[in-house]
>>> print(open('structure_15.cif').read())   # mmCIF, N, CA and C atoms
data_target
#
loop_
_atom_site.label_atom_id
_atom_site.label_comp_id
_atom_site.auth_asym_id
_atom_site.auth_seq_id
_atom_site.Cartn_x
_atom_site.Cartn_y
_atom_site.Cartn_z
N MET A 356 16.51 -7.46 13.09
CA MET A 356 16.84 -6.66 11.94
C MET A 356 18.29 -6.87 11.52
N SER A 357 18.89 -7.95 12.01
CA SER A 357 20.30 -8.15 11.69
C SER A 357 20.50 -8.27 10.18
N GLY A 358 21.54 -7.64 9.70
CA GLY A 358 21.86 -7.70 8.29
C GLY A 358 21.20 -6.63 7.45
N VAL A 359 20.17 -5.97 7.98
CA VAL A 359 19.48 -4.92 7.23
C VAL A 359 20.20 -3.60 7.50
N LYS A 360 20.72 -3.00 6.44
CA LYS A 360 21.50 -1.77 6.60
C LYS A 360 20.66 -0.51 6.39
N SER A 361 19.56 -0.66 5.65
CA SER A 361 18.73 0.51 5.33
C SER A 361 17.26 0.12 5.34
N TYR A 362 16.42 1.05 5.75
CA TYR A 362 14.98 0.82 5.71
C TYR A 362 14.50 0.53 4.30
N LYS A 363 15.23 1.01 3.30
CA LYS A 363 14.85 0.80 1.90
C LYS A 363 14.92 -0.67 1.50
N GLU A 364 15.63 -1.47 2.25
CA GLU A 364 15.72 -2.91 2.00
C GLU A 364 14.48 -3.65 2.49
N LEU A 365 13.73 -3.03 3.38
CA LEU A 365 12.57 -3.69 3.99
C LEU A 365 11.41 -3.79 3.00
N LEU A 366 10.88 -5.00 2.81
CA LEU A 366 9.75 -5.19 1.91
C LEU A 366 8.51 -4.43 2.39
N ILE A 367 8.37 -4.28 3.70
CA ILE A 367 7.21 -3.53 4.22
C ILE A 367 7.30 -2.06 3.84
N TRP A 368 8.52 -1.52 3.78
CA TRP A 368 8.70 -0.13 3.35
C TRP A 368 8.43 -0.02 1.85
N GLN A 369 8.96 -0.95 1.07
CA GLN A 369 8.79 -0.93 -0.39
C GLN A 369 7.31 -1.04 -0.77
N LYS A 370 6.59 -1.91 -0.10
CA LYS A 370 5.16 -2.06 -0.38
C LYS A 370 4.40 -0.81 0.05
N GLY A 371 4.84 -0.18 1.14
CA GLY A 371 4.24 1.08 1.57
C GLY A 371 4.38 2.16 0.52
N ILE A 372 5.54 2.23 -0.11
CA ILE A 372 5.77 3.21 -1.18
C ILE A 372 4.83 2.92 -2.35
N LYS A 373 4.65 1.66 -2.67
CA LYS A 373 3.75 1.28 -3.78
C LYS A 373 2.31 1.73 -3.48
N ILE A 374 1.89 1.56 -2.25
CA ILE A 374 0.54 1.99 -1.86
C ILE A 374 0.41 3.51 -2.04
N VAL A 375 1.42 4.26 -1.65
CA VAL A 375 1.38 5.72 -1.81
C VAL A 375 1.19 6.09 -3.28
N VAL A 376 1.99 5.50 -4.13
CA VAL A 376 1.93 5.80 -5.57
C VAL A 376 0.54 5.49 -6.12
N LEU A 377 -0.01 4.35 -5.74
CA LEU A 377 -1.34 3.97 -6.24
C LEU A 377 -2.45 4.86 -5.69
N ILE A 378 -2.32 5.29 -4.45
CA ILE A 378 -3.30 6.22 -3.87
C ILE A 378 -3.28 7.53 -4.65
N TYR A 379 -2.10 8.03 -4.95
CA TYR A 379 -1.99 9.27 -5.74
C TYR A 379 -2.64 9.11 -7.11
N LYS A 380 -2.43 7.95 -7.73
CA LYS A 380 -3.04 7.70 -9.04
C LYS A 380 -4.56 7.63 -8.94
N LEU A 381 -5.06 6.95 -7.91
CA LEU A 381 -6.51 6.80 -7.74
C LEU A 381 -7.19 8.13 -7.46
N THR A 382 -6.58 8.94 -6.61
CA THR A 382 -7.22 10.19 -6.18
C THR A 382 -7.17 11.30 -7.22
N LYS A 383 -6.36 11.14 -8.24
CA LYS A 383 -6.30 12.20 -9.27
C LYS A 383 -7.63 12.34 -10.01
N ASP A 384 -8.48 11.33 -9.94
CA ASP A 384 -9.79 11.38 -10.58
C ASP A 384 -10.91 11.76 -9.61
N PHE A 385 -10.57 12.01 -8.35
CA PHE A 385 -11.59 12.41 -7.38
C PHE A 385 -12.09 13.81 -7.73
N PRO A 386 -13.29 14.15 -7.29
CA PRO A 386 -13.82 15.51 -7.55
C PRO A 386 -12.87 16.58 -7.00
N LYS A 387 -12.74 17.66 -7.73
CA LYS A 387 -11.83 18.73 -7.33
C LYS A 387 -12.18 19.33 -5.97
N GLU A 388 -13.47 19.35 -5.63
CA GLU A 388 -13.86 19.91 -4.32
C GLU A 388 -13.38 19.04 -3.15
N GLU A 389 -12.89 17.84 -3.44
CA GLU A 389 -12.37 16.95 -2.40
C GLU A 389 -10.87 17.10 -2.18
N ILE A 390 -10.24 18.01 -2.93
CA ILE A 390 -8.78 18.14 -2.86
C ILE A 390 -8.28 18.43 -1.45
N TYR A 391 -9.03 19.18 -0.65
CA TYR A 391 -8.62 19.49 0.72
C TYR A 391 -9.33 18.63 1.75
N ALA A 392 -10.09 17.67 1.28
CA ALA A 392 -10.83 16.80 2.19
C ALA A 392 -10.34 15.36 2.03
N LEU A 393 -11.17 14.51 1.46
CA LEU A 393 -10.85 13.09 1.38
C LEU A 393 -9.58 12.82 0.57
N THR A 394 -9.37 13.54 -0.50
CA THR A 394 -8.15 13.35 -1.30
C THR A 394 -6.91 13.62 -0.46
N SER A 395 -6.89 14.72 0.22
CA SER A 395 -5.76 15.08 1.06
C SER A 395 -5.56 14.08 2.19
N GLN A 396 -6.64 13.68 2.81
CA GLN A 396 -6.57 12.74 3.93
C GLN A 396 -6.00 11.39 3.48
N LEU A 397 -6.44 10.91 2.33
CA LEU A 397 -5.93 9.64 1.80
C LEU A 397 -4.44 9.73 1.50
N LYS A 398 -4.04 10.83 0.90
CA LYS A 398 -2.63 11.00 0.58
C LYS A 398 -1.77 11.05 1.84
N ARG A 399 -2.21 11.82 2.83
CA ARG A 399 -1.43 11.92 4.08
C ARG A 399 -1.35 10.60 4.81
N ALA A 400 -2.47 9.87 4.86
CA ALA A 400 -2.47 8.57 5.54
C ALA A 400 -1.57 7.58 4.82
N SER A 401 -1.59 7.62 3.48
CA SER A 401 -0.74 6.68 2.73
C SER A 401 0.74 7.00 2.92
N VAL A 402 1.09 8.26 2.90
CA VAL A 402 2.49 8.67 3.10
C VAL A 402 2.95 8.29 4.51
N SER A 403 2.04 8.26 5.44
CA SER A 403 2.35 7.92 6.82
C SER A 403 2.86 6.48 6.98
N VAL A 404 2.41 5.59 6.11
CA VAL A 404 2.79 4.17 6.26
C VAL A 404 4.31 3.98 6.09
N PRO A 405 4.88 4.27 4.91
CA PRO A 405 6.33 4.06 4.79
C PRO A 405 7.14 5.05 5.63
N SER A 406 6.60 6.23 5.88
CA SER A 406 7.32 7.22 6.69
C SER A 406 7.52 6.71 8.12
N ASN A 407 6.50 6.11 8.69
CA ASN A 407 6.62 5.58 10.05
C ASN A 407 7.49 4.34 10.11
N ILE A 408 7.49 3.55 9.04
CA ILE A 408 8.39 2.40 8.99
C ILE A 408 9.84 2.89 8.99
N GLU A 409 10.11 3.91 8.19
CA GLU A 409 11.46 4.49 8.14
C GLU A 409 11.84 5.11 9.49
N GLU A 410 10.92 5.85 10.07
CA GLU A 410 11.23 6.50 11.34
C GLU A 410 11.50 5.48 12.44
N GLY A 411 10.68 4.43 12.48
CA GLY A 411 10.90 3.38 13.47
C GLY A 411 12.23 2.68 13.28
N PHE A 412 12.56 2.39 12.04
CA PHE A 412 13.85 1.77 11.74
C PHE A 412 14.99 2.66 12.22
N GLY A 413 14.85 3.94 12.01
CA GLY A 413 15.89 4.89 12.39
C GLY A 413 16.09 5.03 13.88
N ARG A 414 15.09 4.65 14.66
CA ARG A 414 15.21 4.75 16.13
C ARG A 414 16.14 3.69 16.70
N GLN A 415 16.36 2.63 15.97
CA GLN A 415 17.33 1.58 16.28
C GLN A 415 17.07 0.79 17.55
N THR A 416 15.84 0.78 18.02
CA THR A 416 15.46 -0.15 19.09
C THR A 416 14.19 -0.86 18.66
N ASP A 417 14.09 -2.12 19.02
CA ASP A 417 12.92 -2.90 18.62
C ASP A 417 11.63 -2.34 19.22
N LYS A 418 11.72 -1.89 20.46
CA LYS A 418 10.53 -1.34 21.12
C LYS A 418 10.02 -0.11 20.37
N SER A 419 10.91 0.77 20.04
CA SER A 419 10.53 1.98 19.32
C SER A 419 10.04 1.64 17.91
N PHE A 420 10.72 0.71 17.25
CA PHE A 420 10.32 0.30 15.91
C PHE A 420 8.90 -0.26 15.95
N ASN A 421 8.62 -1.09 16.95
CA ASN A 421 7.27 -1.66 17.09
C ASN A 421 6.22 -0.58 17.24
N HIS A 422 6.54 0.45 17.99
CA HIS A 422 5.61 1.57 18.17
C HIS A 422 5.27 2.20 16.82
N PHE A 423 6.27 2.45 16.01
CA PHE A 423 6.03 3.08 14.71
C PHE A 423 5.35 2.12 13.73
N LEU A 424 5.60 0.82 13.86
CA LEU A 424 4.88 -0.16 13.04
C LEU A 424 3.38 -0.14 13.39
N ASN A 425 3.08 0.04 14.68
CA ASN A 425 1.68 0.15 15.09
C ASN A 425 1.01 1.38 14.47
N ILE A 426 1.73 2.47 14.38
CA ILE A 426 1.20 3.67 13.74
C ILE A 426 0.96 3.40 12.25
N SER A 427 1.90 2.73 11.60
CA SER A 427 1.73 2.37 10.18
C SER A 427 0.49 1.51 9.97
N ARG A 428 0.30 0.56 10.87
CA ARG A 428 -0.88 -0.32 10.78
C ARG A 428 -2.16 0.49 10.93
N GLY A 429 -2.16 1.44 11.83
CA GLY A 429 -3.32 2.30 12.02
C GLY A 429 -3.59 3.13 10.77
N SER A 430 -2.54 3.60 10.13
CA SER A 430 -2.70 4.37 8.89
C SER A 430 -3.28 3.49 7.78
N LEU A 431 -2.88 2.24 7.73
CA LEU A 431 -3.46 1.31 6.74
C LEU A 431 -4.97 1.16 6.96
N ASN A 432 -5.37 1.05 8.21
CA ASN A 432 -6.81 0.94 8.52
C ASN A 432 -7.54 2.22 8.12
N GLU A 433 -6.90 3.34 8.36
CA GLU A 433 -7.46 4.64 7.99
C GLU A 433 -7.65 4.73 6.47
N ILE A 434 -6.63 4.32 5.72
CA ILE A 434 -6.72 4.34 4.25
C ILE A 434 -7.86 3.46 3.77
N GLU A 435 -7.95 2.27 4.31
CA GLU A 435 -9.01 1.34 3.88
C GLU A 435 -10.39 1.92 4.12
N THR A 436 -10.60 2.50 5.29
CA THR A 436 -11.88 3.11 5.61
C THR A 436 -12.20 4.27 4.66
N GLN A 437 -11.21 5.10 4.42
CA GLN A 437 -11.41 6.25 3.53
C GLN A 437 -11.67 5.81 2.09
N LEU A 438 -11.03 4.73 1.66
CA LEU A 438 -11.29 4.21 0.32
C LEU A 438 -12.72 3.69 0.19
N ILE A 439 -13.19 3.03 1.22
CA ILE A 439 -14.57 2.53 1.22
C ILE A 439 -15.55 3.70 1.13
N ILE A 440 -15.27 4.75 1.89
CA ILE A 440 -16.12 5.95 1.84
C ILE A 440 -16.10 6.54 0.44
N ALA A 441 -14.90 6.67 -0.14
CA ALA A 441 -14.78 7.23 -1.49
C ALA A 441 -15.56 6.39 -2.50
N LYS A 442 -15.50 5.09 -2.35
CA LYS A 442 -16.23 4.21 -3.28
C LYS A 442 -17.74 4.38 -3.11
N GLU A 443 -18.18 4.46 -1.87
CA GLU A 443 -19.60 4.65 -1.59
C GLU A 443 -20.12 5.98 -2.15
N LEU A 444 -19.24 6.97 -2.19
CA LEU A 444 -19.61 8.29 -2.72
C LEU A 444 -19.42 8.38 -4.24
N ASP A 445 -19.07 7.26 -4.85
CA ASP A 445 -18.84 7.18 -6.31
C ASP A 445 -17.69 8.05 -6.79
N PHE A 446 -16.68 8.23 -5.95
CA PHE A 446 -15.49 8.97 -6.35
C PHE A 446 -14.50 8.09 -7.10
N VAL A 447 -14.61 6.77 -6.91
CA VAL A 447 -13.66 5.83 -7.49
C VAL A 447 -14.04 5.54 -8.94
N VAL A 448 -13.15 5.92 -9.84
CA VAL A 448 -13.38 5.71 -11.27
C VAL A 448 -12.80 4.36 -11.71
N ASP A 449 -11.61 4.03 -11.20
CA ASP A 449 -10.91 2.82 -11.60
C ASP A 449 -11.07 1.75 -10.51
N THR A 450 -12.05 0.88 -10.68
CA THR A 450 -12.31 -0.14 -9.65
C THR A 450 -11.19 -1.18 -9.58
N ASN A 451 -10.50 -1.43 -10.68
CA ASN A 451 -9.38 -2.36 -10.65
C ASN A 451 -8.26 -1.81 -9.77
N LEU A 452 -7.99 -0.53 -9.90
CA LEU A 452 -6.98 0.12 -9.07
C LEU A 452 -7.42 0.11 -7.61
N PHE A 453 -8.68 0.40 -7.37
CA PHE A 453 -9.24 0.35 -6.02
C PHE A 453 -9.00 -1.03 -5.40
N ASN A 454 -9.36 -2.08 -6.14
CA ASN A 454 -9.21 -3.45 -5.64
C ASN A 454 -7.75 -3.81 -5.41
N GLU A 455 -6.87 -3.34 -6.28
CA GLU A 455 -5.44 -3.59 -6.10
C GLU A 455 -4.93 -2.95 -4.81
N ILE A 456 -5.37 -1.73 -4.55
CA ILE A 456 -4.94 -1.05 -3.32
C ILE A 456 -5.47 -1.77 -2.09
N ILE A 457 -6.73 -2.16 -2.11
CA ILE A 457 -7.30 -2.90 -0.97
C ILE A 457 -6.51 -4.18 -0.72
N PHE A 458 -6.18 -4.90 -1.78
CA PHE A 458 -5.39 -6.13 -1.66
C PHE A 458 -4.02 -5.82 -1.05
N LEU A 459 -3.36 -4.78 -1.54
CA LEU A 459 -2.05 -4.41 -1.02
C LEU A 459 -2.10 -3.99 0.44
N ILE A 460 -3.17 -3.30 0.83
CA ILE A 460 -3.34 -2.91 2.23
C ILE A 460 -3.44 -4.15 3.12
N GLU A 461 -4.23 -5.12 2.70
CA GLU A 461 -4.37 -6.35 3.48
C GLU A 461 -3.05 -7.10 3.56
N GLU A 462 -2.36 -7.17 2.44
CA GLU A 462 -1.05 -7.83 2.39
C GLU A 462 -0.04 -7.11 3.27
N GLU A 463 0.01 -5.79 3.16
CA GLU A 463 0.95 -4.98 3.95
C GLU A 463 0.67 -5.14 5.44
N SER A 464 -0.58 -5.14 5.82
CA SER A 464 -0.94 -5.29 7.23
C SER A 464 -0.44 -6.63 7.77
N LYS A 465 -0.62 -7.69 7.01
CA LYS A 465 -0.14 -9.02 7.43
C LYS A 465 1.38 -9.03 7.54
N MET A 466 2.04 -8.40 6.57
CA MET A 466 3.51 -8.36 6.59
C MET A 466 4.02 -7.58 7.80
N ILE A 467 3.37 -6.46 8.11
CA ILE A 467 3.78 -5.67 9.28
C ILE A 467 3.55 -6.47 10.55
N ASN A 468 2.41 -7.17 10.64
CA ASN A 468 2.15 -8.00 11.82
C ASN A 468 3.25 -9.05 12.01
N ALA A 469 3.60 -9.75 10.93
CA ALA A 469 4.63 -10.78 11.01
C ALA A 469 5.99 -10.17 11.37
N PHE A 470 6.32 -9.05 10.77
CA PHE A 470 7.58 -8.38 11.04
C PHE A 470 7.65 -7.94 12.50
N SER A 471 6.55 -7.39 12.98
CA SER A 471 6.46 -6.90 14.35
C SER A 471 6.67 -8.03 15.37
N LYS A 472 6.13 -9.20 15.07
CA LYS A 472 6.27 -10.35 15.99
C LYS A 472 7.71 -10.80 16.13
N ASN A 473 8.52 -10.52 15.11
CA ASN A 473 9.93 -10.92 15.16
C ASN A 473 10.80 -9.93 15.91
N LEU A 474 10.25 -8.79 16.27
CA LEU A 474 11.01 -7.81 17.05
C LEU A 474 10.88 -8.14 18.53
N LYS A 475 11.92 -7.82 19.28
CA LYS A 475 11.87 -8.02 20.74
C LYS A 475 11.08 -6.89 21.37
N ASP A 476 10.41 -7.19 22.47
CA ASP A 476 9.66 -6.16 23.21
C ASP A 476 10.55 -5.26 24.01
#
>>> encode(input="structure_15.cif", output="structure tokens")
Amino acid sequence: MSGVKSYKELLIWQKGIKIVVLIYKLTKDFPKEEIYALTSQLKRASVSVPSNIEEGFGRQTDKSFNHFLNISRGSLNEIETQLIIAKELDFVVDTNLFNEIIFLIEEESKMINAFSKNLKD
């Protein structure tokens, strides 16, 4: 992480923020009865991605950062599963937005994997 002064400089954090914004946009069209169920769960899982990247960065050790990157990766898997469920339940109105989020999740996961490999154990 040499040369990086803030977690905000990290592309994995920036992409995580983009995923959060898109999840919020997608879920605004979900049925109102899902506000405390799938909608809430998707929002919390998406917020978890950049939040854990920031928290890991703040711990200032590679081992700890790796731990939080693993949590972020798990949240990405959670989001993807929940999106598939939402699509199967016909909650997804904007399929282009859905596809964009799925693409970003796959991209973010690969970026986190590569970033994680560059950290010391």
>>> resolve_selection(input="structure_15.cif", expression="the PyMOL selection byres ((chain A and resi 406-415) around 6.5)", output="NGL selection string")
:A and (362 or 368 or 402-405 or 416-417 or 419-421 or 423-424 or 426-427)
>>> residues_around(input="structure_15.cif", residues="segment 451-454 of chain A", least_positions_apart="4", cutoff="9 Å", atoms="only C-alpha atoms", output="list of chain:residue names")
A:Leu377, A:Ile378, A:Lys380, A:Leu381, A:Leu438, A:Lys442, A:Val447, A:Phe458, A:Leu459
>>> residues_near_point(input="structure_15.cif", point="(-11.1, 11.6, -3.5)", cutoff="7 Å", atoms="all atoms listed in the file", output="list in words")
Leu381, Thr382, Lys383, Asp384, Phe385, Pro386, Glu389, Ile390, Ala392, Leu393, Thr394, Ser395, Ala441, Phe446 and Val447 of chain A
>>> atom_distance(input="structure_15.cif", atom1="atom CA of Glu435 of chain A", atom2="atom CA of Lys475 of chain A")
28.4 Å
>>> atom_distance(input="structure_15.cif", atom1="atom CA of Gln396 of chain A", atom2="atom CA of Asn468 of chain A")
23.8 Å
>>> atom_distance(input="structure_15.cif", atom1="atom CA of Ile440 of chain A", atom2="atom CA of Leu397 of chain A")
10.8 Å
